[in-house]
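**Q** work-v4.cif is reproduced below (mmCIF, C-alpha atoms and all ligand atoms).
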```cif
data_data
loop_
_atom_site.label_atom_id
_atom_site.label_comp_id
_atom_site.auth_asym_id
_atom_site.auth_seq_id
_atom_site.Cartn_x
_atom_site.Cartn_y
_atom_site.Cartn_z
CA MET A 221 0.00 0.00 0.00
CA GLN A 222 1.71 3.16 -1.25
CA VAL A 223 1.33 6.58 0.37
CA ASP A 224 0.45 8.33 -2.89
CA GLN A 225 -2.03 5.60 -3.76
CA VAL A 226 -3.81 6.14 -0.43
CA LYS A 227 -3.64 9.87 -0.99
CA LYS A 228 -5.42 9.39 -4.32
CA GLN A 229 -8.13 7.29 -2.65
CA LEU A 230 -8.63 9.92 0.04
CA LYS A 231 -8.78 12.79 -2.46
CA ALA A 232 -11.42 10.84 -4.39
CA LEU A 233 -13.32 10.23 -1.17
CA GLU A 234 -13.15 13.94 -0.34
CA ALA A 235 -14.72 14.75 -3.72
CA GLU A 236 -17.35 12.05 -3.27
CA VAL A 237 -18.42 13.25 0.18
CA ASN A 238 -18.42 16.88 -0.92
CA SER A 239 -20.59 16.07 -3.93
CA GLU A 240 -23.24 15.03 -1.39
CA SER A 241 -22.70 17.98 0.90
CA ASP A 242 -26.29 19.17 0.58
CA SER A 243 -27.72 15.77 1.52
CA GLY A 244 -26.81 15.39 5.14
CA PHE A 245 -23.04 15.82 4.94
CA VAL A 246 -20.80 18.78 5.67
CA ARG A 247 -17.98 19.76 3.30
CA ILE A 248 -14.74 18.15 4.36
CA GLU A 249 -11.20 19.10 3.53
CA PHE A 250 -8.32 16.76 2.87
CA GLU A 251 -4.92 17.67 4.25
CA GLN A 252 -1.57 15.99 4.02
CA GLN A 253 0.32 16.92 7.15
CA SER A 254 3.55 15.17 6.44
CA GLU A 255 4.74 12.94 3.66
CA ILE A 256 7.33 11.43 5.95
CA THR A 257 4.97 10.33 8.70
CA LYS A 258 2.32 9.47 6.08
CA ASN A 259 -0.14 11.54 8.09
CA MET A 260 -3.24 12.55 6.20
CA SER A 261 -6.51 13.79 7.61
CA PHE A 262 -9.90 15.36 7.04
CA THR A 263 -11.29 18.43 8.74
CA GLY A 264 -14.68 20.06 8.38
CA GLY A 265 -16.61 17.85 10.75
CA SER A 266 -16.19 17.79 14.49
CA GLY A 267 -12.48 17.55 15.31
CA ARG A 268 -10.17 15.79 12.87
CA ILE A 269 -10.05 12.27 11.48
CA TYR A 270 -6.65 10.92 10.44
CA VAL A 271 -6.21 8.21 7.83
CA LYS A 272 -2.78 6.91 7.08
CA PRO A 273 -1.38 3.84 5.39
CA PHE A 274 0.12 1.40 7.84
CA THR A 275 2.42 0.06 5.17
CA ARG A 276 4.07 -2.75 7.08
CA LEU A 277 0.78 -4.63 7.52
CA ASN A 278 -0.85 -3.24 4.37
CA LYS A 279 -3.61 -1.66 6.43
CA TYR A 280 -5.21 1.73 6.88
CA GLU A 281 -4.93 3.40 10.26
CA ILE A 282 -7.89 5.57 11.23
CA ALA A 283 -7.36 7.89 14.23
CA LEU A 284 -9.77 10.25 15.98
CA ALA A 285 -8.42 13.61 17.11
CA GLY A 286 -10.01 16.36 19.19
CA THR A 287 -13.80 16.26 19.34
CA ALA A 288 -13.87 13.52 16.69
CA ILE A 289 -13.45 11.27 19.71
CA GLU A 290 -17.25 11.48 19.96
CA MET A 291 -17.17 8.92 17.12
CA TYR A 292 -15.51 6.36 19.38
CA SER A 293 -18.52 4.07 19.84
CA PHE A 294 -19.37 4.31 16.12
CA MET A 295 -15.81 3.22 15.29
CA ARG A 296 -15.95 0.43 17.84
CA ASP A 297 -19.15 -0.93 16.27
CA LEU A 298 -17.83 -0.42 12.74
CA CYS A 299 -14.56 -2.26 13.40
CA GLY A 300 -15.99 -4.72 15.88
CA ALA A 301 -13.25 -3.91 18.38
CA GLU A 302 -12.00 -1.33 20.85
CA CYS A 303 -9.25 0.89 19.45
CA ALA A 304 -5.96 -0.88 18.67
CA GLY A 305 -4.01 1.82 20.51
CA GLU A 306 -3.67 5.54 21.06
CA ASN A 307 -1.39 8.06 19.41
CA HIS A 308 -0.03 10.67 21.85
CA ARG A 309 -0.75 8.25 24.65
CA GLY A 310 -0.40 9.78 28.09
CA LYS A 311 -0.76 13.32 26.69
CA THR A 312 -3.78 15.52 27.27
CA HIS A 313 -5.44 14.48 24.04
CA PRO A 314 -4.73 10.85 23.17
CA GLU A 315 -5.96 9.85 19.72
CA PRO A 316 -7.48 6.36 19.55
CA PHE A 317 -6.82 4.46 16.34
CA TRP A 318 -8.00 1.35 14.53
CA ARG A 319 -6.19 -0.54 11.77
CA VAL A 320 -8.34 -1.98 9.01
CA ASP A 321 -7.61 -3.58 5.66
CA ASP A 322 -10.81 -2.64 3.89
CA PHE A 323 -11.07 0.83 2.36
CA GLU A 324 -14.85 0.44 2.68
CA ILE A 325 -14.41 0.87 6.45
CA VAL A 326 -12.34 4.02 5.92
CA LYS A 327 -15.17 5.30 3.74
CA LYS A 328 -17.81 4.58 6.36
CA ALA A 329 -15.74 6.27 9.04
CA VAL A 330 -15.20 9.39 6.92
CA TYR A 331 -18.87 9.53 5.90
CA HIS A 332 -19.84 9.28 9.54
CA TYR A 333 -17.34 11.99 10.42
CA ALA A 334 -18.87 14.20 7.72
CA ARG A 335 -22.50 13.72 8.69
CA LYS A 336 -24.37 16.83 9.69
CA PRO A 337 -25.17 16.99 13.41
CA GLY A 338 -28.47 15.25 14.13
CA THR A 339 -28.15 12.83 11.19
CA THR A 340 -28.39 9.25 12.35
CA ARG A 341 -25.79 6.75 11.33
CA LEU A 342 -28.44 4.52 9.79
CA ALA A 343 -28.93 7.09 7.03
CA ILE A 344 -25.43 6.41 5.78
CA GLU A 345 -25.35 4.06 2.82
CA THR A 346 -21.98 4.22 1.19
CA PRO A 347 -21.37 2.64 -2.18
CA VAL A 348 -19.74 -0.76 -1.98
CA PRO A 349 -16.70 -1.66 -4.07
CA GLN A 350 -16.59 -4.91 -6.05
CA ALA A 351 -13.88 -6.38 -3.90
CA MET A 352 -12.38 -6.07 -0.47
CA SER A 353 -8.96 -4.98 -1.63
CA GLU A 354 -7.53 -3.28 -4.71
CA ALA A 355 -7.16 -5.58 -7.69
CA PRO A 356 -3.55 -6.31 -8.58
CA GLU A 357 -2.45 -4.39 -11.65
CA ASN A 358 -0.74 -6.07 -14.59
CA ALA A 359 -0.99 -9.37 -12.79
CA ASP A 360 -0.52 -12.75 -14.35
CA ARG A 361 -3.41 -15.18 -14.35
CA GLU A 362 -2.27 -17.10 -11.28
CA THR A 363 -1.92 -13.94 -9.19
CA LEU A 364 -5.35 -12.74 -10.24
CA VAL A 365 -6.98 -16.09 -9.53
CA SER A 366 -5.52 -16.25 -6.02
CA TRP A 367 -6.47 -12.62 -5.39
CA LEU A 368 -10.07 -13.41 -6.38
CA ALA A 369 -10.07 -16.47 -4.12
CA GLU A 370 -8.73 -14.47 -1.18
CA ASN A 371 -11.36 -11.76 -1.71
CA GLU A 372 -14.10 -14.33 -1.79
CA ARG A 373 -12.75 -15.97 1.35
CA ARG A 374 -12.76 -12.62 3.14
CA ALA A 375 -16.24 -11.80 1.82
CA SER A 376 -17.52 -15.09 3.23
CA THR A 377 -16.42 -14.03 6.73
CA LEU A 378 -18.75 -10.99 6.71
CA PRO A 379 -21.98 -11.22 8.67
CA GLU A 380 -24.57 -12.59 6.24
CA SER A 381 -26.71 -9.46 6.29
CA GLU A 382 -23.71 -7.34 5.27
CA LEU A 383 -22.61 -9.90 2.70
CA PHE A 384 -26.06 -10.00 1.06
CA ARG A 385 -26.30 -6.19 1.19
CA ARG A 386 -23.02 -5.88 -0.67
CA ALA A 387 -24.03 -8.54 -3.18
CA ALA A 388 -27.30 -6.71 -3.83
CA MET A 389 -25.39 -3.49 -4.47
CA SER A 390 -23.26 -5.06 -7.20
CA ASP A 391 -23.30 -2.87 -10.30
CA ALA A 392 -23.74 -6.10 -12.31
CA VAL A 393 -20.93 -5.30 -14.73
CA ALA A 394 -17.79 -7.37 -14.27
CA ARG A 395 -14.72 -5.24 -14.83
CA LYS A 396 -12.15 -6.48 -17.32
CA VAL A 397 -8.42 -6.38 -16.80
CA THR A 398 -5.59 -7.14 -19.15
CA LEU A 399 -3.36 -9.89 -17.87
CA THR A 400 0.32 -10.16 -18.42
CA GLY A 401 2.43 -13.25 -18.20
CA THR A 402 2.99 -16.48 -20.00
CA ALA A 403 1.09 -19.69 -20.66
CA PHE A 404 2.30 -23.21 -21.33
CA ILE A 405 1.55 -24.76 -24.70
CA ARG A 406 0.81 -28.29 -23.65
CA ASN A 407 1.64 -31.18 -25.97
CA SER A 408 -1.62 -32.33 -27.59
CA TYR A 409 -0.29 -35.86 -28.23
CA VAL A 410 0.50 -36.27 -24.55
CA ALA A 411 -2.93 -35.01 -23.51
CA ALA A 412 -4.75 -37.19 -26.07
CA SER A 413 -2.70 -40.25 -25.03
CA ALA A 414 -3.53 -39.81 -21.35
CA LYS A 415 -7.24 -39.72 -22.22
CA LYS A 416 -7.01 -42.81 -24.43
CA LEU A 417 -5.21 -44.71 -21.66
CA ALA A 418 -7.89 -43.69 -19.14
CA ASN A 419 -10.51 -45.21 -21.43
CA GLY A 420 -13.37 -42.99 -20.28
CA VAL A 421 -12.69 -43.49 -16.58
CA CYS A 422 -11.24 -40.86 -14.24
CA ASP A 423 -7.73 -41.75 -13.11
CA LEU A 424 -8.48 -40.55 -9.58
CA CYS A 425 -12.03 -41.55 -8.54
CA LYS A 426 -12.35 -44.35 -11.13
CA GLU A 427 -15.85 -43.17 -12.00
CA GLU A 428 -16.95 -42.94 -15.62
CA ALA A 429 -16.66 -39.54 -17.29
CA PRO A 430 -19.75 -37.54 -16.21
CA PHE A 431 -20.90 -36.67 -19.74
CA LEU A 432 -19.96 -36.97 -23.40
CA SER A 433 -18.23 -34.19 -25.28
CA VAL A 434 -19.84 -32.74 -28.42
CA ASN A 435 -17.83 -35.36 -30.34
CA ASN A 436 -19.48 -38.07 -28.24
CA GLU A 437 -16.23 -38.87 -26.44
CA PRO A 438 -16.29 -39.39 -22.64
CA TYR A 439 -15.34 -35.98 -21.23
CA LEU A 440 -12.12 -36.02 -19.17
CA GLU A 441 -9.45 -33.36 -18.67
CA SER A 442 -5.72 -33.89 -18.79
CA HIS A 443 -3.78 -32.94 -15.68
CA HIS A 444 -0.09 -32.71 -14.86
CA VAL A 445 0.57 -34.46 -11.54
CA GLU A 446 3.62 -32.26 -11.01
CA TRP A 447 2.23 -28.93 -12.24
CA LEU A 448 3.96 -27.29 -15.20
CA SER A 449 3.98 -24.07 -13.20
CA HIS A 450 5.97 -25.90 -10.52
CA GLY A 451 8.49 -27.26 -12.98
CA GLY A 452 6.69 -30.48 -13.91
CA VAL A 453 7.41 -32.05 -17.29
CA ASP A 454 4.97 -32.29 -20.19
CA SER A 455 5.35 -36.01 -20.80
CA ILE A 456 2.96 -38.94 -20.58
CA ASP A 457 4.66 -40.04 -17.35
CA ASN A 458 3.37 -36.88 -15.67
CA VAL A 459 -0.09 -36.60 -17.23
CA VAL A 460 -3.36 -38.22 -16.17
CA ALA A 461 -6.99 -37.87 -17.27
CA LEU A 462 -9.45 -36.65 -14.64
CA CYS A 463 -13.14 -35.97 -14.38
CA PRO A 464 -13.86 -32.23 -13.88
CA ASN A 465 -14.56 -32.73 -10.15
CA CYS A 466 -11.30 -34.51 -9.46
CA HIS A 467 -9.37 -32.07 -11.66
CA ARG A 468 -10.70 -29.16 -9.66
CA LYS A 469 -9.95 -31.02 -6.43
CA MET A 470 -6.32 -31.49 -7.49
CA HIS A 471 -5.96 -27.78 -8.20
CA ILE A 472 -7.64 -26.72 -4.96
CA ARG A 473 -6.18 -29.30 -2.57
CA ASN A 474 -3.41 -31.21 -4.37
CA ASP A 475 -3.45 -33.75 -1.54
CA GLU A 476 -0.42 -35.98 -1.30
CA ALA A 477 -2.60 -39.08 -0.98
CA ASP A 478 -4.32 -38.23 -4.27
CA ARG A 479 -1.02 -37.48 -5.97
CA ASN A 480 0.22 -40.89 -4.88
CA ILE A 481 -2.86 -42.58 -6.35
CA LEU A 482 -2.19 -40.82 -9.66
CA ILE A 483 1.50 -41.71 -9.64
CA GLY A 484 0.49 -45.32 -9.00
CA ARG A 485 -1.96 -45.14 -11.94
CA ILE A 486 0.80 -43.89 -14.25
CA GLY A 487 3.13 -46.69 -13.06
CA GLY A 488 0.48 -49.35 -13.66
CA ARG A 489 -0.25 -48.43 -17.27
CA ASN A 490 0.32 -51.06 -19.95
CA TYR A 491 1.05 -49.63 -23.36
ZN ZN B 1 -12.74 -38.22 -10.74
ZN ZN B 2 -4.56 -29.78 -14.02
#
```
Re-express the file's structure as structure tokens.
Ligand SMILES: [Zn+2]
Ligand SMILES: [Zn+2]

**A**
Amino acid sequence: MQVDQVKKQLKALEAEVNSESDSGFVRIEFEQQSEITKNMSFTGGSGRIYVKPFTRLNKYEIALAGTAIEMYSFMRDLCGAECAGENHRGKTHPEPFWRVDDFEIVKKAVYHYARKPGTTRLAIETPVPQAMSEAPENADRETLVSWLAENERRASTLPESELFRRAAMSDAVARKVTLTGTAFIRNSYVAASAKKLANGVCDLCKEEAPFLSVNNEPYLESHHVEWLSHGGVDSIDNVVALCPNCHRKMHIRNDEADRNILIGRIGGRNY
């Protein structure tokens, strides 16, 4: 998480809040106190709310200064925890802070900070981003796939009501990114041979292929026991034919017991 990246996010948030300044929110002002300490804040509401990147843990730190401390219980409910610590501890005006990894929480905090006095917190409905962290830029396919999986895992830990609310607020248009990176051109003879040798039966579960392909062949997928991306070779001694379920299982779990079954299957082939 880069300081100037966070600065960009906060400037955008400032503009967003201010565009709604006649509908229950005061105008807020972004300030960058110090590039060295990464301190950035908003004024305009009661007191001051600091947001700074906590780069080591890739989190945002939100701190309440001055009369913004009135937001303490809101922040506690929002983050589900008492403050993680206090800046200026022991001084006359300690500033409680929370560290969060979701910019959505920063947004909610700033919107709450900017609400006009007398506005209830329930009136605040902030737009929800597609994902819980910024998508990697110029990623290769593998990086993107694991980023998507991690986002989904984190989404699944939300309380159901919040999860369903966010799902309902989806803008229904999946964003496209351009991927970089390389792909392996697998040997078609090797793949076709593995399927012939399997004879319509999955090399792992030994069940028949679940359906026929459009060419009326039992549908199986070729799989490299030692993955190509991990340095495995593209030869018949490393390739098996799996039903889609087992293939997915190998890519999700890659259990040693299953790998051993497949290695045994390769060793037992007669051709
Ligand atoms: Zn199977
Ligand atoms: Zn595979």

**Q** Taking only C-alpha atoms and all ligand atoms and a cut-off of 6 Å, can you tell me which residues surround ligand ZN 2 (chain B), written as an MDAnalysis selection string?

**A** chainID A and resid 443:444 467

**Q** Sorted by chain and rising residue number, list the residues of chain A at most 12 Å from ligand ZN 1 (chain B) (counting only C-alpha atoms and all ligand atoms), each with its closest atom pair and distance in Å to one decimal, as a tab-separated table.

**A**
```
residue	atom	partner	partner_atom	distance
A:Ala418	CA	B:ZN1	ZN	11.1
A:Gly420	CA	B:ZN1	ZN	10.7
A:Val421	CA	B:ZN1	ZN	7.9
A:Cys422	CA	B:ZN1	ZN	4.6
A:Asp423	CA	B:ZN1	ZN	6.6
A:Leu424	CA	B:ZN1	ZN	5.0
A:Cys425	CA	B:ZN1	ZN	4.1
A:Lys426	CA	B:ZN1	ZN	6.2
A:Glu427	CA	B:ZN1	ZN	6.0
A:Glu428	CA	B:ZN1	ZN	8.0
A:Ala429	CA	B:ZN1	ZN	7.7
A:Pro430	CA	B:ZN1	ZN	8.9
A:Tyr439	CA	B:ZN1	ZN	11.0
A:Leu440	CA	B:ZN1	ZN	8.7
A:Glu441	CA	B:ZN1	ZN	9.9
A:Ser442	CA	B:ZN1	ZN	11.5
A:His443	CA	B:ZN1	ZN	11.5
A:Val460	CA	B:ZN1	ZN	10.8
A:Ala461	CA	B:ZN1	ZN	8.7
A:Leu462	CA	B:ZN1	ZN	5.3
A:Cys463	CA	B:ZN1	ZN	4.3
A:Pro464	CA	B:ZN1	ZN	6.9
A:Asn465	CA	B:ZN1	ZN	5.8
A:Cys466	CA	B:ZN1	ZN	4.2
A:His467	CA	B:ZN1	ZN	7.1
A:Arg468	CA	B:ZN1	ZN	9.3
A:Lys469	CA	B:ZN1	ZN	8.8
A:Met470	CA	B:ZN1	ZN	9.9
A:Asp478	CA	B:ZN1	ZN	10.6
A:Ile481	CA	B:ZN1	ZN	11.7
A:Leu482	CA	B:ZN1	ZN	10.9
```

**Q** Name the residues in contact with segment 450-458 of chain A at a cut-off of 7 Å, using only C-alpha atoms, excluding same-chain residues fewer than 4 positions from it; report them as a ChimeraX atom specification.

**A** /A:406-407,410,414,444-446,486

**Q** For Lys336 of chain A, which of A:Glu240, A:Glu234, A:Glu357, A:Asp475 is the closest residue, counting only C-alpha atoms?

**A** A:Glu240

**Q** What is the distance, in Å and to one decimal place, between atom CA of Glu362 of chain A and atom CA of Leu277 of chain A?

**A** 22.8 Å

**Q** Determine, counting only C-alpha atoms, which protein, DNA and RNA residues have an atom within 8 Å of an atom of Asn278 of chain A; residues of the same chain fewer than 5 positions away are not included. Present the result as a list of chain:residue names.

**A**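 Answer for this query is A:Met221, A:Pro273, A:Asp321.
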
**Q** Report, in Å to a single decimal, how far apart atom CA of Ile256 of chain A and atom CA of Glu236 of chain A are.

**A**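 Distance between the two atoms: 26.4 Å.
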
**Q** Could you check which of A:Leu448, A:Ala329, A:Ala388, A:Leu383 is closest to Phe404 of chain A, using all atoms listed in the file?

**A**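 Ranked by minimum distance to Phe404 of chain A, first place goes to A:Leu448.
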
**Q** Using all atoms listed in the file, which residues sit within 12 Å of Arg296 of chain A once same-chain residues fewer than 4 positions away are excluded, as a ChimeraX atom specification?

**A** /A:282-284,289-292,300-304,316-320,325,329

**Q** Figure out the distance between atom CA of Glu251 of chain A and atom CA of Lys227 of chain A, please, to one decimal in Å.

**A** 9.5 Å

**Q** Identify, on the basis of all atoms listed in the file, every residue whose closest approach to Ala351 of chain A does not exceed 12 Å; exclude the query and any residue fewer than 6 positions from it along the same chain; express the result as a ChimeraX atom specification.

**A** /A:321-324,367-376,383,386-387,389-391,394-395

**Q** Considering only C-alpha atoms, can you say which of A:Gly488, A:Val459, A:Glu382, A:Gly265 comes closest to Lys415 of chain A?

**A**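 Result for the nearest residue to Lys415 of chain A: A:Val459.
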
**Q** Write out as a PyMOL selection string which residues come within 12 Å of Val246 of chain A when counting all atoms listed in the file, dropping same-chain ones fewer than 3 positions away.

**A** chain A and resi 234-243+249+262-266+330-339
